[in-house]
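Structure below is model.csv: CSV, C-alpha atoms and all ligand atoms.
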chain,number,residue,atom,x,y,z
A,90,MET,CA,103.3,81.6,90.4
A,91,LEU,CA,105.2,83.7,92.9
A,92,PRO,CA,107.3,82.2,95.7
A,93,ASN,CA,105.5,82.4,99.1
A,94,TYR,CA,107.8,84.9,100.5
A,95,MET,CA,106.7,87.4,98.0
A,96,GLU,CA,103.1,87.2,99.0
A,97,SER,CA,103.4,88.9,102.3
A,98,ILE,CA,104.5,92.2,103.9
A,99,ARG,CA,107.9,91.4,105.4
A,100,HIS,CA,110.2,93.3,107.7
A,101,ASP,CA,112.8,90.5,108.2
A,102,TRP,CA,114.7,90.5,104.9
A,103,THR,CA,118.3,89.3,105.0
A,104,LYS,CA,121.0,90.8,102.9
A,105,GLN,CA,121.4,87.5,101.1
A,106,GLN,CA,117.7,87.3,100.2
A,107,VAL,CA,117.8,90.8,98.7
A,108,GLU,CA,121.0,90.2,96.8
A,109,ASP,CA,119.4,87.0,95.4
A,110,LEU,CA,116.5,89.1,94.1
A,111,PHE,CA,118.9,91.4,92.4
A,112,GLU,CA,120.9,88.6,90.8
A,113,GLN,CA,118.1,86.9,89.1
A,114,PRO,CA,117.9,86.9,85.3
A,115,PHE,CA,116.4,90.3,84.4
A,116,ASN,CA,113.2,88.9,82.9
A,117,ASP,CA,112.5,86.8,85.9
A,118,LEU,CA,112.9,89.8,88.2
A,119,MET,CA,110.7,92.0,86.0
A,120,PHE,CA,108.0,89.3,85.9
A,121,GLN,CA,108.0,89.0,89.7
A,122,ALA,CA,107.9,92.7,90.2
A,123,GLN,CA,105.1,93.2,87.8
A,124,SER,CA,103.2,90.3,89.4
A,125,VAL,CA,103.5,91.8,92.8
A,126,HIS,CA,102.6,95.2,91.5
A,127,ARG,CA,99.4,94.0,89.9
A,128,LYS,CA,98.2,92.4,93.2
A,129,LYS,CA,98.3,95.8,95.0
A,130,PHE,CA,97.9,98.5,92.4
A,131,ASN,CA,96.4,99.4,89.1
A,132,PRO,CA,99.4,98.9,86.8
A,133,ASN,CA,98.2,101.6,84.5
A,134,GLU,CA,98.1,104.4,87.0
A,135,VAL,CA,100.9,106.6,88.4
A,136,GLN,CA,100.7,109.1,91.1
A,137,LEU,CA,101.8,112.6,90.2
A,138,SER,CA,103.7,114.8,92.6
A,139,THR,CA,105.0,118.3,92.1
A,140,LEU,CA,108.0,119.5,94.0
A,141,LEU,CA,108.8,123.1,94.9
A,142,SER,CA,111.9,124.4,96.6
A,143,VAL,CA,110.8,126.7,99.3
A,144,LYS,CA,114.3,127.5,100.5
A,145,THR,CA,117.2,126.9,98.2
A,146,GLY,CA,120.9,126.4,98.9
A,147,ALA,CA,123.3,127.4,101.6
A,148,CYS,CA,122.8,124.1,103.4
A,149,PRO,CA,125.5,123.3,106.1
A,150,GLU,CA,125.4,119.6,105.4
A,151,ASP,CA,128.0,117.9,103.2
A,152,CYS,CA,125.9,115.4,101.1
A,153,LYS,CA,128.3,114.8,98.2
A,154,TYR,CA,125.6,114.6,95.6
A,155,CYS,CA,123.9,117.8,96.5
A,156,PRO,CA,124.3,121.2,94.8
A,157,GLN,CA,122.6,122.9,97.7
A,158,SER,CA,125.4,122.2,100.1
A,159,ALA,CA,127.2,125.5,101.0
A,160,ARG,CA,130.5,123.5,100.9
A,161,TYR,CA,130.5,123.1,97.1
A,162,ASP,CA,130.8,125.7,94.4
A,163,THR,CA,128.0,124.8,92.0
A,164,GLY,CA,127.0,128.3,91.0
A,165,LEU,CA,123.6,127.8,92.6
A,166,GLU,CA,121.7,131.0,93.5
A,167,VAL,CA,120.8,130.9,97.1
A,168,GLU,CA,117.2,131.8,97.9
A,169,LYS,CA,115.5,132.6,101.3
A,170,LEU,CA,112.4,130.9,102.5
A,171,LEU,CA,109.6,131.7,100.0
A,172,ALA,CA,106.6,133.7,101.1
A,173,VAL,CA,103.7,131.6,102.2
A,174,GLU,CA,101.5,133.3,99.5
A,175,LYS,CA,103.9,132.4,96.8
A,176,VAL,CA,104.0,128.8,97.8
A,177,ILE,CA,100.2,128.6,97.7
A,178,GLU,CA,100.1,130.3,94.3
A,179,GLU,CA,102.5,127.6,93.0
A,180,ALA,CA,100.4,124.9,94.5
A,181,LYS,CA,97.3,126.1,92.8
A,182,LEU,CA,99.1,126.0,89.4
A,183,ALA,CA,100.4,122.5,90.1
A,184,LYS,CA,96.9,121.4,91.0
A,185,ASP,CA,95.5,122.9,87.8
A,186,ALA,CA,98.2,121.0,85.9
A,187,GLY,CA,97.1,117.7,87.3
A,188,ALA,CA,99.3,117.1,90.3
A,189,THR,CA,97.7,115.5,93.3
A,190,ARG,CA,100.5,115.9,95.8
A,191,PHE,CA,102.5,119.0,96.4
A,192,CYS,CA,106.0,118.5,98.0
A,193,MET,CA,107.9,121.4,99.5
A,194,GLY,CA,111.6,121.1,100.1
A,195,ALA,CA,113.9,123.3,102.1
A,196,ALA,CA,117.7,123.0,102.3
A,197,TRP,CA,118.1,122.9,106.0
A,198,ARG,CA,120.0,120.6,108.4
A,199,SER,CA,116.8,120.7,110.4
A,200,PRO,CA,114.1,123.4,110.7
A,201,LYS,CA,114.6,126.1,113.4
A,202,ASP,CA,111.8,126.8,115.7
A,203,LYS,CA,111.4,130.2,114.2
A,204,ASP,CA,110.7,128.6,110.8
A,205,LEU,CA,108.0,126.3,111.9
A,206,PRO,CA,105.1,128.9,111.9
A,207,TYR,CA,105.8,129.6,108.3
A,208,VAL,CA,106.0,126.1,107.1
A,209,THR,CA,102.9,125.1,109.0
A,210,LYS,CA,101.1,127.9,107.3
A,211,MET,CA,102.3,126.6,104.0
A,212,VAL,CA,100.9,123.2,104.8
A,213,GLN,CA,97.6,124.5,105.9
A,214,GLY,CA,97.3,126.7,102.7
A,215,VAL,CA,98.3,123.9,100.3
A,216,LYS,CA,96.1,121.4,102.0
A,217,SER,CA,93.1,123.7,101.8
A,218,LEU,CA,93.4,123.5,98.0
A,219,GLY,CA,92.6,119.7,98.2
A,220,LEU,CA,96.2,118.6,97.6
A,221,GLU,CA,98.1,116.1,99.5
A,222,THR,CA,101.1,117.7,101.2
A,223,CYS,CA,104.6,116.6,101.7
A,224,MET,CA,107.7,118.3,103.1
A,225,THR,CA,111.4,117.7,103.3
A,226,LEU,CA,113.1,120.0,105.7
A,227,GLY,CA,115.9,117.9,107.1
A,228,MET,CA,116.1,116.2,110.5
A,229,LEU,CA,113.1,116.5,112.8
A,230,GLU,CA,112.8,116.3,116.6
A,231,GLU,CA,109.7,114.7,118.0
A,232,ASN,CA,108.0,118.0,118.8
A,233,GLN,CA,108.7,119.4,115.3
A,234,ALA,CA,107.3,116.3,113.6
A,235,GLN,CA,104.2,116.6,115.8
A,236,ALA,CA,103.8,120.3,114.9
A,237,LEU,CA,103.8,119.5,111.2
A,238,ALA,CA,101.4,116.6,111.7
A,239,ASP,CA,99.1,118.9,113.7
A,240,ALA,CA,99.2,121.4,110.8
A,241,GLY,CA,97.9,118.6,108.6
A,242,LEU,CA,101.1,117.5,106.8
A,243,ASP,CA,100.4,114.2,105.1
A,244,TYR,CA,103.9,113.0,104.2
A,245,TYR,CA,107.4,113.8,105.4
A,246,ASN,CA,110.3,112.9,103.2
A,247,HIS,CA,113.7,111.9,104.6
A,248,ASN,CA,115.8,109.6,102.6
A,249,LEU,CA,118.3,107.0,103.9
A,250,ASP,CA,120.3,107.7,100.7
A,251,THR,CA,122.3,104.5,100.6
A,252,SER,CA,123.4,101.5,102.6
A,253,PRO,CA,124.8,101.9,106.2
A,254,GLU,CA,128.1,100.5,104.8
A,255,TYR,CA,128.5,103.1,102.0
A,256,TYR,CA,126.9,106.0,103.9
A,257,GLY,CA,130.3,107.4,105.2
A,258,GLU,CA,131.4,107.9,101.5
A,259,VAL,CA,128.4,110.1,100.9
A,260,ILE,CA,127.7,112.2,104.0
A,261,THR,CA,129.7,112.9,107.2
A,262,THR,CA,127.7,115.6,108.9
A,263,ARG,CA,124.8,113.4,110.1
A,264,THR,CA,124.7,109.7,110.9
A,265,TYR,CA,122.6,106.9,109.6
A,266,SER,CA,121.0,106.6,113.0
A,267,ASP,CA,120.1,110.3,112.9
A,268,ARG,CA,118.1,109.6,109.8
A,269,ILE,CA,116.4,106.5,111.3
A,270,ASN,CA,115.5,108.6,114.3
A,271,THR,CA,113.9,111.3,112.2
A,272,LEU,CA,111.9,108.6,110.4
A,273,GLY,CA,110.8,107.2,113.8
A,274,ASN,CA,109.7,110.7,114.9
A,275,VAL,CA,107.7,111.2,111.7
A,276,ARG,CA,106.0,107.8,112.1
A,277,LYS,CA,105.3,108.5,115.8
A,278,SER,CA,103.6,111.8,114.8
A,279,GLY,CA,101.1,109.9,112.6
A,280,MET,CA,102.4,111.3,109.3
A,281,LYS,CA,103.1,109.1,106.4
A,282,VAL,CA,106.7,108.4,105.6
A,283,CYS,CA,108.5,109.0,102.3
A,284,ALA,CA,112.0,107.5,102.3
A,285,GLY,CA,114.2,106.2,99.6
A,286,GLY,CA,117.7,106.7,98.3
A,287,ILE,CA,120.0,107.5,95.5
A,288,VAL,CA,121.8,105.1,93.2
A,289,GLY,CA,124.7,105.7,90.8
A,290,MET,CA,126.9,107.3,93.5
A,291,GLY,CA,129.6,104.6,93.0
A,292,GLU,CA,128.0,102.2,95.4
A,293,SER,CA,127.9,98.4,94.8
A,294,GLU,CA,124.9,96.2,94.1
A,295,ALA,CA,125.3,95.0,97.7
A,296,ASP,CA,124.9,98.6,98.8
A,297,ARG,CA,121.7,99.0,96.8
A,298,ALA,CA,120.5,95.8,98.4
A,299,GLY,CA,121.5,97.2,101.8
A,300,LEU,CA,119.5,100.4,101.2
A,301,LEU,CA,116.4,98.5,100.3
A,302,MET,CA,116.8,96.1,103.2
A,303,GLN,CA,117.0,99.0,105.6
A,304,LEU,CA,113.8,100.6,104.1
A,305,ALA,CA,111.8,97.3,104.1
A,306,ASN,CA,112.9,96.3,107.5
A,307,LEU,CA,111.6,99.5,109.2
A,308,PRO,CA,108.8,98.7,111.5
A,309,GLN,CA,106.4,99.9,108.8
A,310,HIS,CA,107.2,100.3,105.2
A,311,PRO,CA,107.4,103.9,104.0
A,312,GLU,CA,104.3,104.8,102.0
A,313,SER,CA,106.5,106.4,99.4
A,314,VAL,CA,109.8,105.1,98.3
A,315,PRO,CA,111.7,107.5,95.9
A,316,ILE,CA,114.5,105.8,93.9
A,317,ASN,CA,116.7,108.5,92.6
A,318,MET,CA,119.4,108.2,89.9
A,319,LEU,CA,122.3,110.5,90.7
A,320,VAL,CA,122.2,113.7,88.8
A,321,LYS,CA,125.9,114.6,88.4
A,322,VAL,CA,126.2,118.3,89.1
A,323,ASP,CA,129.4,120.2,88.3
A,324,GLY,CA,131.1,121.3,91.5
A,325,THR,CA,129.8,118.5,93.7
A,326,PRO,CA,132.2,115.7,94.7
A,327,PHE,CA,130.2,113.2,92.7
A,328,GLU,CA,130.4,115.2,89.5
A,329,ASN,CA,132.5,112.5,87.8
A,330,ALA,CA,130.8,109.5,89.3
A,331,LYS,CA,130.9,106.4,87.1
A,332,ASP,CA,127.6,105.9,85.1
A,333,LEU,CA,125.4,103.2,86.5
A,334,ASP,CA,124.1,100.6,84.0
A,335,PRO,CA,120.5,101.7,83.5
A,336,PHE,CA,119.4,98.1,83.9
A,337,GLU,CA,120.8,98.2,87.5
A,338,PHE,CA,118.6,101.2,88.1
A,339,ILE,CA,115.6,99.2,86.8
A,340,ARG,CA,116.6,96.2,88.9
A,341,THR,CA,116.6,98.5,92.0
A,342,ILE,CA,113.1,99.6,91.3
A,343,ALA,CA,111.9,96.1,90.7
A,344,VAL,CA,113.4,94.8,94.0
A,345,ALA,CA,111.9,97.8,95.9
A,346,ARG,CA,108.5,96.9,94.4
A,347,ILE,CA,108.9,93.2,95.5
A,348,MET,CA,110.1,94.1,99.0
A,349,MET,CA,107.6,96.9,99.7
A,350,PRO,CA,104.5,95.7,97.7
A,351,GLU,CA,102.1,98.3,99.1
A,352,SER,CA,104.3,101.4,98.8
A,353,HIS,CA,104.4,103.8,96.0
A,354,VAL,CA,107.8,103.5,94.4
A,355,ARG,CA,108.7,106.8,92.9
A,356,LEU,CA,110.8,107.2,89.8
A,357,SER,CA,112.5,110.4,91.0
A,358,ALA,CA,115.6,112.4,90.2
A,359,GLY,CA,117.5,111.5,87.1
A,360,ARG,CA,114.5,111.1,84.8
A,361,GLU,CA,115.7,114.1,82.7
A,362,SER,CA,118.5,111.9,81.3
A,363,MET,CA,116.3,108.8,80.8
A,364,ASN,CA,114.7,108.1,77.5
A,365,ASP,CA,111.0,107.1,77.2
A,366,GLU,CA,111.9,103.5,76.8
A,367,LEU,CA,113.8,103.4,80.1
A,368,GLN,CA,111.0,105.2,81.9
A,369,ALA,CA,108.5,102.7,80.5
A,370,LEU,CA,110.7,99.9,81.8
A,371,ALA,CA,110.7,101.5,85.2
A,372,PHE,CA,106.9,101.5,85.2
A,373,LEU,CA,106.9,97.9,84.2
A,374,ALA,CA,109.2,97.2,87.1
A,375,GLY,CA,106.6,98.7,89.5
A,376,ALA,CA,107.4,102.4,89.7
A,377,ASN,CA,104.0,104.1,90.1
A,378,SER,CA,104.8,107.7,91.1
A,379,ILE,CA,106.7,110.5,89.4
A,380,PHE,CA,107.7,114.0,90.1
A,381,TYR,CA,105.9,116.1,87.5
A,382,CYS,CA,107.4,119.5,87.3
A,383,ASP,CA,110.1,121.4,85.5
A,384,SER,CA,112.8,121.1,88.2
A,385,LEU,CA,113.5,118.9,91.2
A,386,LEU,CA,114.7,121.4,93.8
A,387,THR,CA,117.7,122.4,91.8
A,388,THR,CA,118.1,119.9,89.0
A,389,ALA,CA,116.2,119.5,85.8
A,390,ASN,CA,113.2,117.2,85.3
A,391,PRO,CA,111.4,116.4,82.1
A,392,LYS,CA,109.0,119.1,81.0
A,393,ALA,CA,105.5,118.4,82.2
A,394,ASN,CA,104.1,118.1,78.7
A,395,GLN,CA,106.7,115.5,77.8
A,396,ASP,CA,105.6,113.5,80.8
A,397,MET,CA,102.0,113.7,79.8
A,398,ALA,CA,102.8,112.7,76.2
A,399,LEU,CA,104.7,109.7,77.5
A,400,LEU,CA,101.9,108.6,79.9
A,401,ASN,CA,99.5,109.0,77.0
A,402,ARG,CA,101.6,106.8,74.8
A,403,LEU,CA,101.7,104.1,77.5
A,404,ASP,CA,98.0,104.5,78.3
A,405,ILE,CA,98.9,105.3,81.9
A,406,VAL,CA,96.6,107.6,83.7
A,407,PRO,CA,97.3,109.7,86.8
A,408,GLU,CA,96.2,108.1,90.1
A,409,LYS,CA,93.3,109.8,91.8
A,410,ASN,CA,93.8,112.0,94.8
A,411,LYS,CA,92.5,110.3,97.9
A,412,ILE,CA,91.5,113.5,99.6
A,413,ASN,CA,89.1,116.4,99.3
A,414,MET,CA,88.0,116.1,95.8
A,415,ASP,CA,84.9,114.9,94.2
A,416,PRO,CA,86.0,111.8,92.2
A,417,SER,CA,84.1,112.7,89.0
A,418,ASP,CA,85.6,116.2,89.0
A,419,GLN,CA,89.0,114.9,89.6
A,420,GLU,CA,88.8,112.3,86.8
A,421,GLU,CA,87.6,114.9,84.4
A,422,THR,CA,90.4,117.3,85.3
A,423,LEU,CA,93.1,114.7,85.1
A,424,HIS,CA,91.9,113.3,81.8
A,425,LYS,CA,91.6,116.8,80.3
A,426,LYS,CA,95.2,117.4,81.4
A,427,ILE,CA,96.6,114.2,80.0
A,428,LEU,CA,95.0,114.8,76.7
A,429,SER,CA,95.9,118.4,76.3
A,430,ALA,CA,99.4,118.0,77.6
A,431,LYS,CA,100.2,121.7,77.3
A,432,THR,CA,101.2,122.7,80.8
A,433,ASP,CA,104.8,123.8,80.6
A,434,HIS,CA,104.2,127.5,81.3
A,435,LEU,CA,102.4,126.7,84.5
A,436,PHE,CA,105.5,125.6,86.4
A,437,TYR,CA,107.6,128.0,88.4
A,438,ASN,CA,111.2,127.1,88.7
A,439,ALA,CA,112.3,128.2,92.1
A,440,VAL,CA,116.0,128.1,91.1
A,441,ASN,CA,116.6,129.5,87.6
B,501,LIG,S1,120.7,116.8,100.5
B,501,LIG,FE1,119.6,118.1,101.9
B,501,LIG,S2,120.8,118.0,103.8
B,501,LIG,FE2,122.1,117.3,102.2
B,501,LIG,S3,123.2,119.1,101.5
B,501,LIG,FE3,121.4,118.9,100.2
B,501,LIG,S4,119.9,120.2,101.1
B,501,LIG,FE4,121.5,119.8,102.6
Can you present the structure in this file as structure tokens?
Amino acid sequence: MLPNYMESIRHDWTKQQVEDLFEQPFNDLMFQAQSVHRKKFNPNEVQLSTLLSVKTGACPEDCKYCPQSARYDTGLEVEKLLAVEKVIEEAKLAKDAGATRFCMGAAWRSPKDKDLPYVTKMVQGVKSLGLETCMTLGMLEENQAQALADAGLDYYNHNLDTSPEYYGEVITTRTYSDRINTLGNVRKSGMKVCAGGIVGMGESEADRAGLLMQLANLPQHPESVPINMLVKVDGTPFENAKDLDPFEFIRTIAVARIMMPESHVRLSAGRESMNDELQALAFLAGANSIFYCDSLLTTANPKANQDMALLNRLDIVPEKNKINMDPSDQEETLHKKILSAKTDHLFYNAVN
């Protein structure tokens, strides 16, 4: 039986309550998270997203984890905004390989007005394939968010990254409230919100609690909550960050699941270095979304066929797309994919 406070959608979490969740015995936490998960979701489904970098590197921001910042010498090859046709071609391949959501990322502080016609065309083109669309382009003004919403963009990703207290150790070129404002503009435009953070950046458990408290206490929970494990990239200030105990990562997922019971919690960056057992534990903790592609913007991700093999071993099936596709067609396509699991060559790596 779950405590009453876990039965409802809440926006009034205190730091102490969140820290108490973290500090429970691991098995108790896992049991609660899985119990909450089962009330809202099919526990044997995960949502599959594919992520494509549509503009790589040369970002003026100073996020200390990010190889795309122009401030760090990471050897990253800079790429201009991809042609709209190229993006649509990649989206078709991703759809054929079983993805239901196509996310497009650009390394910008915020999009310029001259960029918007291109990105809105990308949205329209990808959406016309029957895929859900998501973009991450940096900070958005109200009118920019509205333009993207009008083009049909389903989700906008903008992470809070960490707690307000630790934030200054990670980024100095934009403030926490800049981020909250962007999320407000996205919400106001009618788009769905994708917002999460990164763990393993040297933050404390209290900071992980603080991040989840900020996300859950937004006026509406983000529909998608990516939890990223830091990928330590040579040349970034966090290249030598101390390893986080993997069980702390699992705890973060479990607490996110309990606090935001109706959100998709995404097991995001860092999966490349996780073994199958750890990923299975993340699913048990309530993660129900993954990025399913060879690279995450600029860092490696498990090969698509490894993902399918893992899902197959766990009897987990891809969640159905909610839009524009006949359910029987979709089921057939996805099941075909999960069984054949030979999709490697279909992915284009925008970086290497
Ligand atoms: S995380 Fe985004 S905003 Fe920060 S440096 Fe990287 S691309 Fe730029």
- Item | Between atom CA of A:Thr264 and atom CA of A:Leu249, distance in Å (one decimal) |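 So the two atoms, atom CA of A:Thr264 and atom CA of A:Leu249, lie 9.9 Å apart.
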Kindly compute an axis-aligned box around the listed atoms of ligand LIG 501 (chain B), allowing 8 Å on each side, and express its centre and edge lengths in Å to one decimal as AutoDock Vina command-line options.
--center_x 121.4 --center_y 118.5 --center_z 102.0 --size_x 19.6 --size_y 19.4 --size_z 19.6
Which residues of chain A come within 12 Å of ligand LIG 501 (chain B), and for each one, what is the closest pair of atoms and their distance in Å to one decimal, counting only C-alpha atoms and all ligand atoms, sorted by chain and residue number, as CSV?
residue,atom,partner,partner_atom,distance
A:Ser142,CA,B:LIG501,S4,10.1
A:Val143,CA,B:LIG501,S4,11.3
A:Lys144,CA,B:LIG501,S4,9.2
A:Thr145,CA,B:LIG501,S4,7.8
A:Gly146,CA,B:LIG501,S4,6.7
A:Ala147,CA,B:LIG501,FE4,7.9
A:Cys148,CA,B:LIG501,FE4,4.6
A:Pro149,CA,B:LIG501,FE4,6.4
A:Glu150,CA,B:LIG501,S3,4.5
A:Asp151,CA,B:LIG501,S3,5.2
A:Cys152,CA,B:LIG501,FE2,4.4
A:Lys153,CA,B:LIG501,S3,7.4
A:Tyr154,CA,B:LIG501,S1,7.3
A:Cys155,CA,B:LIG501,FE3,4.6
A:Pro156,CA,B:LIG501,FE3,6.5
A:Gln157,CA,B:LIG501,FE3,4.9
A:Ser158,CA,B:LIG501,S3,4.1
A:Ala159,CA,B:LIG501,S3,7.6
A:Arg160,CA,B:LIG501,S3,8.5
A:Tyr161,CA,B:LIG501,S3,9.4
A:Leu165,CA,B:LIG501,FE3,11.9
A:Val167,CA,B:LIG501,S4,11.5
A:Gly194,CA,B:LIG501,S4,8.4
A:Ala195,CA,B:LIG501,S4,6.8
A:Ala196,CA,B:LIG501,S4,3.8
A:Trp197,CA,B:LIG501,FE4,5.7
A:Arg198,CA,B:LIG501,S2,5.3
A:Ser199,CA,B:LIG501,S2,8.2
A:Pro200,CA,B:LIG501,S2,11.0
A:Met224,CA,B:LIG501,FE1,12.0
A:Thr225,CA,B:LIG501,FE1,8.3
A:Leu226,CA,B:LIG501,FE1,7.8
A:Gly227,CA,B:LIG501,S2,5.9
A:Met228,CA,B:LIG501,S2,8.4
A:Leu229,CA,B:LIG501,S2,11.9
A:Asn246,CA,B:LIG501,FE1,10.7
A:His247,CA,B:LIG501,FE1,9.0
A:Asn248,CA,B:LIG501,S1,9.0
A:Leu249,CA,B:LIG501,S1,10.6
A:Asp250,CA,B:LIG501,S1,9.1
A:Val259,CA,B:LIG501,FE2,9.7
A:Ile260,CA,B:LIG501,FE2,7.8
A:Thr261,CA,B:LIG501,FE2,10.1
A:Thr262,CA,B:LIG501,FE2,8.9
A:Arg263,CA,B:LIG501,S2,8.8
A:Thr264,CA,B:LIG501,S2,11.6
A:Asp267,CA,B:LIG501,S2,11.9
A:Arg268,CA,B:LIG501,S2,10.7
A:Gly286,CA,B:LIG501,S1,10.8
A:Ile287,CA,B:LIG501,S1,10.6
A:Leu319,CA,B:LIG501,S1,11.8
A:Thr325,CA,B:LIG501,S3,10.2
A:Pro326,CA,B:LIG501,S3,11.8
A:Leu385,CA,B:LIG501,S4,11.9
A:Leu386,CA,B:LIG501,S4,9.0
A:Thr387,CA,B:LIG501,S4,9.8
A:Thr388,CA,B:LIG501,FE3,11.7
- Can you pull out every residue within 8 Å of A:Ser378, counting all atoms listed in the file, but drop anything in the same chain fewer than 2 positions away, and send it as a PyMOL selection string? chain A and resi 135-138+353-356+376+380
- Task: To one decimal in Å, tell me the separation between atom CA of A:Asn270 and atom CA of A:Glu351.
- Result: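 That distance, rounded to one decimal, is 22.7 Å.
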Using all atoms listed in the file, what does the table of stretch 289-405 of chain A residues within 12 Å of stretch 237-245 of chain A look like, with each row giving the shortest atom pair and its distance in Å to one decimal, sorted by chain and ascending number, as a Markdown table?
| residue | atom | partner | partner_atom | distance |
| --- | --- | --- | --- | --- |
| A:Pro311 | CA | A:Tyr244 | CA | 9.8 |
| A:Glu312 | CA | A:Tyr244 | CA | 8.5 |
| A:Ser313 | CA | A:Tyr244 | CA | 8.6 |
| A:Val314 | CA | A:Tyr245 | CA | 11.5 |
Take the selection from the previous step and output its residues with C-alpha atoms, as an mmCIF file, in the frame of the given file.
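Saved result, out_1.cif, follows:
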data_model
loop_
_atom_site.group_PDB
_atom_site.id
_atom_site.type_symbol
_atom_site.label_atom_id
_atom_site.label_comp_id
_atom_site.auth_asym_id
_atom_site.auth_seq_id
_atom_site.Cartn_x
_atom_site.Cartn_y
_atom_site.Cartn_z
ATOM 1 C CA PRO A 311 107.400 103.900 104.000
ATOM 2 C CA GLU A 312 104.300 104.800 102.000
ATOM 3 C CA SER A 313 106.500 106.400 99.400
ATOM 4 C CA VAL A 314 109.800 105.100 98.300
#
- Item | Residue nearest A:Thr209 among A:Ala186, A:Val288, A:Leu110, A:Val176 (counting only C-alpha atoms) |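 Under the stated criterion, the closest residue is A:Val176.
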- Message: If we draw a sphere of 8 Å around (98.3, 121.3, 96.6), which residues have at least one atom in it when counting all atoms listed in the file? Please report them as a VMD selection string.
- Response: chain A and resid 177 180 to 181 183 to 184 188 to 191 215 to 222
- Message: Ranking A:Val125, A:Leu170, A:Met211, A:Leu300 by minimum distance to A:Leu373 and counting only C-alpha atoms, which one comes first?
- Response: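 Nearest to A:Leu373: A:Val125.
With only C-alpha atoms as the atoms that count, the minimum distance from A:Asn364 to the choices A:Glu230, A:Glu337, A:Glu254, A:Asp396 is reached by A:Asp396.
As for atom CA of A:Val275 and atom CA of A:His100, they are spaced 18.5 Å apart.
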- Message: Considering only C-alpha atoms, can you say which of A:Tyr207, A:Ala284, A:Gln235, A:Pro315 comes closest to A:Lys175?
- Response: A:Tyr207
- Message: Could you check the closest approach to A:Pro114 for each of A:Asn306, A:Glu168, A:Arg340, A:Asp101 and tell me which residue wins, using only C-alpha atoms?
- Response: A:Arg340
- Message: Calculated over all atoms listed in the file, which of the candidates A:Ala236, A:Leu403, A:Leu182, A:Met193 has the smallest distance to A:Asn274?
- Response: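 Under the stated criterion, the closest residue is A:Ala236.
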